[in-house]
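Report on the following structure.
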2 protein chains.
Amino acid sequence: MTSLAHRRRTIRDVAKRAGVSISTVSNALNDTGRVNEETRLRVKQIAAEIGFRPSSLARGLLSKRTSTIGMLTNDTYGRLTLPMTAGVSEALVSQGVSVFLCATNNDPALAKLHLEALLDKHVDGIIFTATRLDVVPPVELLNLSIPVVYAFAKGPAGSLSFLPDDVQGARLAVDHLVGLSRRTIIHITGPEDYLAARLRARSYRDSYGAGAEVLFGDWTEEWGHAAIDMIFERDATPDAIFCGNDQIARGVIDALRDRGVRVPQDVAVVGFDNWEVIAEQTRPALTTIDMELKELGRRAGLAILGLTKGEAIAPGERGIACRLVVRQSSGRN
Amino acid sequence: MTSLAHRRRTIRDVAKRAGVSISTVSNALNDTGRVNEETRLRVKQIAAEIGFRPSSLARGLLSKRTSTIGMLTNDTYGRLTLPMTAGVSEALVSQGVSVFLCATNNDPALAKLHLEALLDKHVDGIIFTATRLDVVPPVELLNLSIPVVYAFAKGPAGSLSFLPDDVQGARLAVDHLVGLSRRTIIHITGPEDYLAARLRARSYRDSYGAGAEVLFGDWTEEWGHAAIDMIFERDATPDAIFCGNDQIARGVIDALRDRGVRVPQDVAVVGFDNWEVIAEQTRPALTTIDMELKELGRRAGLAILGLTKGEAIAPGERGIACRLVVRQSSGRN
DNA sequence: GTGAAAGCGCTAACAT
DNA sequence: ATGTTAGCGCTTTCAC
């Protein structure tokens, strides 16, 4: 193997080659100060030639900014965190900001370890994300001297959080079903101790009005099956089911098919999440609510970017609108 | 909002407070040089008290190491990349190394942008990961002065790659079915232009011997359905099916149930991926092959760590053994 | 055992 | 328009 470890080019290399001082190089490259246009061009030319890239370490030492941010997530890279990370990264890469991704696996000690590594590295800001809205963020985030933004998690009082608008999302689902002239809509959802489940359920009740019925259970296909078994033992059966997530919806649809109930003709089904591997593969494909997590991440990224630049951004909870994705499971009957 | 932006403590703050010079502080904190034990303790004590954390920027400027690595992935945080990232991070966090995650979304321009950001930030090394084995890594990775490791991707000649052992994995599946006295095993898999599909198919043929039959298609449930429809139009039907991934397997199982064929009594089914949201929710739950992606990531992480420390690690392709996960879809008949 | 001083690669204030 | 200089926060000789 040939030795690839050529010493990195420094500003001095450029200066020597261009026959000017290092400060002229600095000014030329950064388009600052007064530099003869010819000189500027020549310096830039030479810098490019020898592959000079300014050390962000040296730069950061002066400027106190590193163009890096940390993302702390409580789970092991789940399906919620990832679209958000994509959004964050997308918002920041064009500004030259890179993202440290740190999964804490719900382990406070690991969270602390990651956080210390981030602080050692002088990240300009931190985004905390979680797999559920009611996770309590690490207390260590409380008194940092760098800005912190919460994404898909409620930050403490006085902080800035970006959250999906579960209430609006659930209303979207119910309104859609009502618009299709469905009369009897039942809501099958996850555990009641999840804030998201409670929010969606409350919104369903508010939109639907009298006769609303909510079945809390688990976020699984199995629960979807079980719930259908319970419901269809009764006399009155619904003509629409709004599920708290896509997995439940898939279980519901499979159970309905097993019973010979036609979807969407007899019963329309709407899910929540737009988890494509589930929603697109149910038969029929699932109408569902998309939380626009990537957009949520993008917003959080832009916010942290602004904050690190010293912009004043009002704290509070920002809701991100959900989007209805219509597929076959809710067609007209 | 109270001003939280207290100036960071520096080594000088510690020195002043301890009444010693900064070099003594440095030596005391790093357990280097000759320092009186009492002094050392006192310095450490004071450093902790005022919350001093050495700037990794200043440190990196001297040492040429930043304790950061970059992960470049060709997709948008898919289900393959993520367990690997978890493994990488797990291997490195205890060493104080943080990971920049960069999704290139299969866009070469974006890849270049990310790569330049990483180089600007002096990452100590780079791990490239992909969603399929036969992705061609960005050429820009070729002549870097920092080590590069490939994970779930074949690097160029002379590089170090970590790959799942698809051949062994497929053999595991076939041997398992044969061990259950299954006689007629068919292989339904994804597109033939995927290297992974070809490797698994070849291994299946080699293990199974005469009479092997491979159906190439897509990596979807839909294709699983379609394949079963084709197969069961014929006279001779198999008593076992080995699928190229879990989605196909799920489609296969659903199609079999629709036809009244019992799984596993009449036909045993084995998948590939151990994608839990799929495998655990099929009815019956799916026996499948786990590629141990987290372990693969861990190995890649350890390798890059060694390389950045200057250890000599032989280039080549390292196969990571797959693991058979037995669930109900392949029980004894 | 401790401290003074040089210097990592860069930017910015100040001379010239 | 360009160069000299100080210094960001730290590690590392080398004197004392």
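We name chains A, B, ... following the order of the structure tokens; residues begin at 1 in each chain, and ligands are numbered from 1 as shown.
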
Enumerate, as a count of residues only, the complete set of residues in segment 18-60 of chain A that a backbone-based DSSP assignment places in helix (DSSP H, G or I). 28

Quick one: which residues from chain A are at most 9 Å off chain C, using only C-alpha atoms (C1' of nucleotides), as an MDAnalysis selection string? chainID A and resid 10:12 23 26:27 54:63

Would you give me, as a PyMOL selection string, the residues of chain D that come within 12 Å of chain A, using only C-alpha atoms (C1' of nucleotides)? chain D and resi 1-5+7-10

As a PyMOL selection string, please: the residues near Leu119 of chain A (cut-off 10 Å, only C-alpha atoms (C1' of nucleotides), same-chain neighbours under 5 positions excluded). (chain A and resi 69-70+114+124-126+144-146) or (chain B and resi 53-56)

If you count only C-alpha atoms (C1' of nucleotides), which residues fall within 10 Å of Ser207 of chain B, apart from same-chain ones fewer than 5 positions away, as a list in words? Val167, Gln168, Ala170, Arg171, Leu172, Ala173, Val174, Asp175, Val178, Ala201, Arg202 and Ala212 of chain B

Go through segment 76-255 of chain A and collect every residue that DSSP, computed from the backbone, puts in strand (DSSP E); the answer should be as a PyMOL selection string. chain A and resi 98-103+125-129+148-151+160-164+185-189+213-216+240-243

Show me, as a PyMOL selection string, the residues of chain A whose atoms get within 8 Å of chain B, using only C-alpha atoms for the distance check. chain A and resi 4-6+53-58+60-61+76-78+82-83+86+89+93-94+96-103+113-114+117-118+120-122+143-146+221-222+281

Spatial neighbours of segment 227-240 of chain A, max dist 8 Å, only C-alpha atoms (C1' of nucleotides), sep filter under 2 positions, as an MDAnalysis selection string: chainID A and resid 177 182:186 188 215 223:225 242 252 255:256 266:269

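Interatomic distance, atom C1' of DT12 of chain D against atom CA of Ile46 of chain B: 22.7 Å.
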
Which value, in Å to one decimal, gives the distance between atom CA of Ala109 of chain B and atom CA of Gly51 of chain A?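 These two atoms are separated by 18.4 Å.
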
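Between atom CA of Phe152 of chain B and atom CA of Thr131 of chain B there is a distance of 7.3 Å.
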